[in-house]
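Scroll down for the structure; my scribbles are underneath it.
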Amino acid sequence: MTGSPRLLLVRLSSLGDVVMATSVPASIRRALPGAHLSFLTRSRYRDLLTYHPAVDRLIEAPDELNSLDAWFRLGLGLREGRFDAVVDLQYNWRTLALEAALAPVEVRRWDRSNLARRRKIQDHSAPAVPHMVERFHRAAEPWTRGEIQPPVVGEDPGAEEKARNFLQCRGEPGTSWLGVVPVAHWATKRWAPEKFARLCEAWTGAGDGRRALAFFGPRDQAVRKSFTAAGGGGPRTHVAEGPLSMAAALLRRMTAVVAGDTGLMHLSAAVGTPTLGLYGPTSPDFGVAPYGPGHLALGLELDCRPCSLHGGDECPLGHHRCMHDLQPERVLAGLQTILHAP
Ligand code: SF4
């Protein structure tokens with residue numbers, strides 16, 4: 001293979017994992033400036049890659065593409081890319097079908113570490129799993145020269161402009177913004193919206209020039225309602241909704257962000273904002289801490305933690321202490337730590 005390999009990088013989902021996978025093209029570009037890099041992801045994550053400075057070609061898989069046959073046909077269509085290798089950062093039946101259609105081509109797959117992560121649930125003293133970003137890079141090792149660049153989310157000029165205007169209309173120049181993310185796909189990963197509202201109140205009440213911004217998606221109306229009913233959404237606390245590019249642009253402008261173990265937490269860390277991640281049933285030791293210096297993962301020490309790889313609808317023990325017992329004062333202390341990190 002030459003110093004200008006044609007590589008297909010694949011990560012289809014989910015939000016946080018795609019964010020972390022954006023580090024791989026950055027590392028390859030730095031090691032091999034002449035490489036041609038294509039990145040395949042689901043259409044709903046296009047905003048993360050469209051402005052990536054190292055990605056030559058973004059390939060979108062339609063969100064509804066879901067049969068073995070459809071993925072094989074997508075692979076057949078990609079043969080025209082004349083790829084020297086596929087770096088499979090997903091590794092499931094979809095990508096196996098895709099790679100079968102691209103054969104013969106070199107395929108390097110990442111280590112999902114499913115067993116090691118499950119072992120950590122059964123035996124809490126088991127070693128931490130290497131970070132997902134590091135495991136992604138092992139798959140791409142022949143083209144990175146062993147160097148790891150942090151995740152990169154390019155700036156969409158239109159979204160950056162909108163974010164600037166959005167914040168200018170809601171705060172004075174020099175305002176310190178606290179971003180909070182009260183939502184998470186799985187209920188057990190959510191810190192209560194009422195506690196997020198108290199956190200925002202404590203932040204905005206601690207000085208003039210302080211505002212808070214809560215991030216919600218279109219399907220998060222119930223959580224949003226609880227947040228505003230508890231005092232969030234007051235004169236100094238605002239709410240934001242919008243596409244990923246807008247979320248990235250707003251997160252980039254926050255002084256700090258507090259979020260559960262979610263995709264937006266990883267997006268916040270990736271855009272370089274000091275980020276505090278709140279972990280309940282899951283663990284940063286699964287290799288999913290916010291990546292990079294200046295961030296912090298916070299979780300209570302309980303005999304039952306962690307209990308789940310991804311979280312669930314209900315606490316298996318019924319008390320949900322991992323989130324209920326985590327008080328805003330403790331989170332505020334964590335926030336101070338990241339704000340004063342060197
Ligand atoms: S309280 Fe314990 S058992 Fe319940 S969801 Fe949290 S970690 Fe799991």
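By order in the structure tokens, chains are A, B, ...; within a chain, residues start at 1; ligands start at 1, following the order shown.
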* To do: Could I get the residue neighbourhood of ligand 1 at 12 Å, counting only C-alpha atoms and all ligand atoms, as JSON, numbers by chain?
  => {"A": [121, 124, 186, 187, 188, 189, 190, 191, 278, 279, 280, 281, 282, 283, 299, 300, 301, 302, 303, 304, 305, 306, 307, 308, 309, 310, 311, 312, 313, 314, 315, 316, 317, 318, 319, 320, 321, 322, 323, 324, 325, 326]}
So that I have them on file, write out the residues from the current selection with C-alpha atoms, as an mmCIF file, in the first residue's frame.
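Written file, out26.cif:
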data_model
loop_
_atom_site.group_PDB
_atom_site.id
_atom_site.type_symbol
_atom_site.label_atom_id
_atom_site.label_comp_id
_atom_site.auth_asym_id
_atom_site.auth_seq_id
_atom_site.Cartn_x
_atom_site.Cartn_y
_atom_site.Cartn_z
ATOM 1 C CA ILE A 121 -20.709 -5.443 35.725
ATOM 2 C CA HIS A 124 -16.682 -4.261 39.932
ATOM 3 C CA TRP A 186 -32.658 5.373 28.847
ATOM 4 C CA ALA A 187 -34.610 6.510 31.912
ATOM 5 C CA THR A 188 -32.113 5.090 34.433
ATOM 6 C CA LYS A 189 -29.334 7.260 32.969
ATOM 7 C CA ARG A 190 -31.263 10.467 33.667
ATOM 8 C CA TRP A 191 -30.520 12.707 36.599
ATOM 9 C CA LEU A 278 -22.958 12.038 35.515
ATOM 10 C CA TYR A 279 -22.924 8.240 35.566
ATOM 11 C CA GLY A 280 -25.639 6.089 37.144
ATOM 12 C CA PRO A 281 -26.115 2.486 35.992
ATOM 13 C CA THR A 282 -23.188 2.714 33.552
ATOM 14 C CA SER A 283 -19.540 3.451 34.214
ATOM 15 C CA GLY A 299 -20.733 8.658 39.891
ATOM 16 C CA LEU A 300 -21.626 7.431 43.385
ATOM 17 C CA GLU A 301 -19.845 4.462 44.879
ATOM 18 C CA LEU A 302 -22.610 1.930 45.342
ATOM 19 C CA ASP A 303 -22.359 -1.856 45.524
ATOM 20 C CA CYS A 304 -24.866 -2.140 42.694
ATOM 21 C CA ARG A 305 -22.981 0.180 40.266
ATOM 22 C CA PRO A 306 -22.511 -0.391 37.386
ATOM 23 C CA CYS A 307 -25.452 -2.646 36.638
ATOM 24 C CA SER A 308 -25.923 -2.195 32.922
ATOM 25 C CA LEU A 309 -23.989 -1.606 29.699
ATOM 26 C CA HIS A 310 -26.394 0.991 28.356
ATOM 27 C CA GLY A 311 -28.980 1.768 31.060
ATOM 28 C CA GLY A 312 -32.614 0.697 30.999
ATOM 29 C CA ASP A 313 -36.184 1.778 31.621
ATOM 30 C CA GLU A 314 -36.197 0.842 35.313
ATOM 31 C CA CYS A 315 -33.715 0.294 38.107
ATOM 32 C CA PRO A 316 -33.478 -3.489 38.633
ATOM 33 C CA LEU A 317 -33.505 -2.876 42.404
ATOM 34 C CA GLY A 318 -36.359 -0.396 42.256
ATOM 35 C CA HIS A 319 -34.667 2.446 44.204
ATOM 36 C CA HIS A 320 -32.499 4.110 41.526
ATOM 37 C CA ARG A 321 -30.137 5.389 44.230
ATOM 38 C CA CYS A 322 -27.304 5.897 41.724
ATOM 39 C CA MET A 323 -29.121 8.993 40.465
ATOM 40 C CA HIS A 324 -31.516 9.802 43.336
ATOM 41 C CA ASP A 325 -28.694 10.075 45.899
ATOM 42 C CA LEU A 326 -26.525 12.254 43.674
#
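In terms of minimum interatomic distance to Gly3 of chain A, A:Arg29 ranks closest within A:Arg82, A:Arg117, A:His295, A:Arg29, counting only C-alpha atoms.
Taking atom CA of Arg42 of chain A and atom CA of Leu213 of chain A as the two end points, the separation is 27.9 Å.
Among the residues of segment 175-339 of chain A, backbone DSSP assigns strand (DSSP E) to Ser176, Trp177, Leu178, Gly179, Val180, Val181, Arg210, Arg211, Ala212, Leu213, Ala214, Phe215, Thr237, His238, Val239, Ala240, Ala256, Val257, Val258, Ala259, Gly260, Thr275, Leu276, Gly277, Leu278, Leu296, Ala297 and Leu298 of chain A.
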Give me, as a tab-separated table, the closest atom pair and its distance (Å, one decimal) for every residue of segment 182-253 of chain A within a cut-off of 12 Å of segment 14-18 of chain A, counting only C-alpha atoms, rows sorted by chain and rising number.
residue	atom	partner	partner_atom	distance
A:Ala184	CA	A:Leu15	CA	11.6
A:His185	CA	A:Ser14	CA	11.1
A:Leu244	CA	A:Leu15	CA	9.6
A:Ala248	CA	A:Leu15	CA	12.0
Save out the residues we just selected, C-alpha atoms, as a PDB file, in the first residue's frame.
ATOM      1  CA  ALA A 184     -30.958  10.564  27.979  1.00  0.00           C
ATOM      2  CA  HIS A 185     -32.452   7.802  25.896  1.00  0.00           C
ATOM      3  CA  LEU A 244     -26.859  18.516  15.783  1.00  0.00           C
ATOM      4  CA  ALA A 248     -22.451  21.574  18.589  1.00  0.00           C
TER       5      ALA A 248
END
* Neighbour list for segment 45-51 of chain A as a ChimeraX atom specification, cut-off 9 Å, only C-alpha atoms, skip fewer than 4 positions in-chain -> /A:12-15,18-19,22,39,41,55,57-60,152-156,243-245,248
* Asked: Skipping near chain neighbours, those fewer than 5 positions away, what residues fall within 10 Å of segment 214-229 of chain A using only C-alpha atoms, listed as a ChimeraX atom specification?
  -> /A:178-185,190,192-198,200,234,237-244,247,250-251,257-259,264
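You will find atom CA of Leu37 of chain A at 6.2 Å from atom CA of Arg6 of chain A.
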* **DSSP helix (DSSP H, G or I) selection over segment 225-292 of chain A, as a ChimeraX atom specification** => /A:225-229,244-252,263-270,284-286
Output file for the residues above (N, CA and C atoms, as a PDB file, in the first residue's frame):
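Everything below was put into selection-v7.pdb:
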ATOM      1  N   LYS A 225     -40.910  19.503  30.235  1.00  0.00           N
ATOM      2  CA  LYS A 225     -42.020  20.009  31.054  1.00  0.00           C
ATOM      3  C   LYS A 225     -41.661  19.928  32.545  1.00  0.00           C
ATOM      4  N   SER A 226     -41.085  18.795  32.954  1.00  0.00           N
ATOM      5  CA  SER A 226     -40.699  18.643  34.374  1.00  0.00           C
ATOM      6  C   SER A 226     -39.628  19.661  34.732  1.00  0.00           C
ATOM      7  N   PHE A 227     -38.700  19.888  33.803  1.00  0.00           N
ATOM      8  CA  PHE A 227     -37.608  20.839  34.057  1.00  0.00           C
ATOM      9  C   PHE A 227     -38.164  22.250  34.257  1.00  0.00           C
ATOM     10  N   THR A 228     -39.061  22.661  33.372  1.00  0.00           N
ATOM     11  CA  THR A 228     -39.591  24.031  33.483  1.00  0.00           C
ATOM     12  C   THR A 228     -40.536  24.137  34.689  1.00  0.00           C
ATOM     13  N   ALA A 229     -41.282  23.069  34.973  1.00  0.00           N
ATOM     14  CA  ALA A 229     -42.182  23.101  36.142  1.00  0.00           C
ATOM     15  C   ALA A 229     -41.379  23.250  37.430  1.00  0.00           C
ATOM     16  N   LEU A 244     -28.150  18.786  15.137  1.00  0.00           N
ATOM     17  CA  LEU A 244     -26.859  18.516  15.783  1.00  0.00           C
ATOM     18  C   LEU A 244     -25.846  19.632  15.557  1.00  0.00           C
ATOM     19  N   SER A 245     -25.861  20.212  14.352  1.00  0.00           N
ATOM     20  CA  SER A 245     -24.890  21.272  14.064  1.00  0.00           C
ATOM     21  C   SER A 245     -25.102  22.462  14.993  1.00  0.00           C
ATOM     22  N   MET A 246     -26.372  22.761  15.297  1.00  0.00           N
ATOM     23  CA  MET A 246     -26.694  23.868  16.204  1.00  0.00           C
ATOM     24  C   MET A 246     -26.294  23.495  17.634  1.00  0.00           C
ATOM     25  N   ALA A 247     -26.573  22.239  18.018  1.00  0.00           N
ATOM     26  CA  ALA A 247     -26.182  21.787  19.367  1.00  0.00           C
ATOM     27  C   ALA A 247     -24.671  21.919  19.536  1.00  0.00           C
ATOM     28  N   ALA A 248     -23.917  21.497  18.503  1.00  0.00           N
ATOM     29  CA  ALA A 248     -22.451  21.574  18.589  1.00  0.00           C
ATOM     30  C   ALA A 248     -22.012  23.031  18.724  1.00  0.00           C
ATOM     31  N   ALA A 249     -22.641  23.913  17.943  1.00  0.00           N
ATOM     32  CA  ALA A 249     -22.245  25.328  17.959  1.00  0.00           C
ATOM     33  C   ALA A 249     -22.569  25.972  19.305  1.00  0.00           C
ATOM     34  N   LEU A 250     -23.698  25.585  19.913  1.00  0.00           N
ATOM     35  CA  LEU A 250     -24.041  26.142  21.229  1.00  0.00           C
ATOM     36  C   LEU A 250     -23.127  25.562  22.310  1.00  0.00           C
ATOM     37  N   LEU A 251     -22.912  24.255  22.250  1.00  0.00           N
ATOM     38  CA  LEU A 251     -22.061  23.620  23.274  1.00  0.00           C
ATOM     39  C   LEU A 251     -20.662  24.229  23.266  1.00  0.00           C
ATOM     40  N   ARG A 252     -20.187  24.537  22.065  1.00  0.00           N
ATOM     41  CA  ARG A 252     -18.857  25.146  21.909  1.00  0.00           C
ATOM     42  C   ARG A 252     -18.754  26.470  22.675  1.00  0.00           C
ATOM     43  N   GLY A 263     -24.847  11.028  24.288  1.00  0.00           N
ATOM     44  CA  GLY A 263     -24.132  11.500  23.107  1.00  0.00           C
ATOM     45  C   GLY A 263     -23.768  12.972  23.202  1.00  0.00           C
ATOM     46  N   LEU A 264     -24.677  13.795  23.765  1.00  0.00           N
ATOM     47  CA  LEU A 264     -24.370  15.221  23.876  1.00  0.00           C
ATOM     48  C   LEU A 264     -23.221  15.473  24.844  1.00  0.00           C
ATOM     49  N   MET A 265     -23.060  14.588  25.830  1.00  0.00           N
ATOM     50  CA  MET A 265     -21.913  14.727  26.725  1.00  0.00           C
ATOM     51  C   MET A 265     -20.614  14.571  25.916  1.00  0.00           C
ATOM     52  N   HIS A 266     -20.582  13.569  25.033  1.00  0.00           N
ATOM     53  CA  HIS A 266     -19.372  13.359  24.223  1.00  0.00           C
ATOM     54  C   HIS A 266     -19.201  14.491  23.202  1.00  0.00           C
ATOM     55  N   LEU A 267     -20.318  14.999  22.699  1.00  0.00           N
ATOM     56  CA  LEU A 267     -20.222  16.113  21.745  1.00  0.00           C
ATOM     57  C   LEU A 267     -19.651  17.347  22.444  1.00  0.00           C
ATOM     58  N   SER A 268     -20.100  17.587  23.660  1.00  0.00           N
ATOM     59  CA  SER A 268     -19.609  18.728  24.419  1.00  0.00           C
ATOM     60  C   SER A 268     -18.092  18.617  24.645  1.00  0.00           C
ATOM     61  N   ALA A 269     -17.646  17.431  25.051  1.00  0.00           N
ATOM     62  CA  ALA A 269     -16.200  17.236  25.271  1.00  0.00           C
ATOM     63  C   ALA A 269     -15.442  17.411  23.950  1.00  0.00           C
ATOM     64  N   ALA A 270     -16.036  16.930  22.857  1.00  0.00           N
ATOM     65  CA  ALA A 270     -15.347  16.979  21.559  1.00  0.00           C
ATOM     66  C   ALA A 270     -15.178  18.419  21.057  1.00  0.00           C
ATOM     67  N   PRO A 284     -17.842   5.072  33.554  1.00  0.00           N
ATOM     68  CA  PRO A 284     -16.790   5.555  32.647  1.00  0.00           C
ATOM     69  C   PRO A 284     -15.746   4.475  32.395  1.00  0.00           C
ATOM     70  N   ASP A 285     -15.650   3.505  33.325  1.00  0.00           N
ATOM     71  CA  ASP A 285     -14.666   2.433  33.163  1.00  0.00           C
ATOM     72  C   ASP A 285     -15.023   1.454  32.046  1.00  0.00           C
ATOM     73  N   PHE A 286     -16.167   1.624  31.434  1.00  0.00           N
ATOM     74  CA  PHE A 286     -16.479   0.846  30.219  1.00  0.00           C
ATOM     75  C   PHE A 286     -15.698   1.412  29.025  1.00  0.00           C
TER      76      PHE A 286
END
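Using only C-alpha atoms, the protein and nucleic acid residues lying no more than 7 Å from Arg211 of chain A, apart from those fewer than 3 places from it along its own chain, are Thr175, Ser176, Trp177, Leu178, Thr204, Arg236 and Thr237 of chain A.
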Pull C-alpha atoms from the residues just selected and write them as a PDB file, in the first residue's frame.
ATOM      1  CA  THR A 175     -21.980  36.025  29.989  1.00  0.00           C
ATOM      2  CA  SER A 176     -20.838  32.730  31.524  1.00  0.00           C
ATOM      3  CA  TRP A 177     -23.109  30.017  30.234  1.00  0.00           C
ATOM      4  CA  LEU A 178     -23.708  26.694  31.976  1.00  0.00           C
ATOM      5  CA  THR A 204     -27.307  31.695  37.744  1.00  0.00           C
ATOM      6  CA  ARG A 236     -31.899  33.354  33.462  1.00  0.00           C
ATOM      7  CA  THR A 237     -32.284  29.776  32.290  1.00  0.00           C
TER       8      THR A 237
END
* Asked: Can you list, as a PyMOL selection string, every protein, DNA or RNA residue that comes within 8 Å of Val24 of chain A when you count only C-alpha atoms, leaving out same-chain residues fewer than 3 positions away?
  -> chain A and resi 21+27-28+136-137+140+148-149+151
Residues just named, written with C-alpha atoms as a compact mmCIF listing (two decimals), in the first residue's frame:
# COMPACT_ATOMS: atom_id res chain seq x y z
CA ALA A 21 -14.89 7.99 15.89
CA SER A 27 -5.14 10.95 13.32
CA ILE A 28 -4.76 9.34 9.89
CA PHE A 136 -10.85 2.67 17.56
CA HIS A 137 -7.25 3.66 16.95
CA ALA A 140 -6.52 2.09 12.32
CA ILE A 148 -4.12 9.73 18.67
CA GLN A 149 -5.77 13.00 17.79
CA PRO A 151 -12.34 13.92 18.26
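In terms of minimum interatomic distance to Val271 of chain A, A:Pro150 ranks closest within A:Pro150, A:Pro53, A:Gly233, A:Pro328, counting only C-alpha atoms.
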* To do: For atom CA of Thr337 of chain A and atom CA of Ala202 of chain A, quote the distance in Å rounded to one decimal.
  => 15.8 Å
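In this comparison, which uses only C-alpha atoms, the residue of A:Pro290, A:Asp261, A:Val10, A:Ala101 approaching Gly77 of chain A most closely is A:Ala101.
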* From A:Ser23, A:Thr275, A:Gln336, A:Thr95, residue lying nearest Glu147 of chain A [only C-alpha atoms] -> A:Ser23
* Asked: Within 10 Å of Arg73 of chain A, counting only C-alpha atoms, which residues qualify if same-chain residues fewer than 5 places away don't, as a list in words?
  -> Ser67, Leu68, Leu78, Ala97, Leu98, Ala101 and Leu102 of chain A
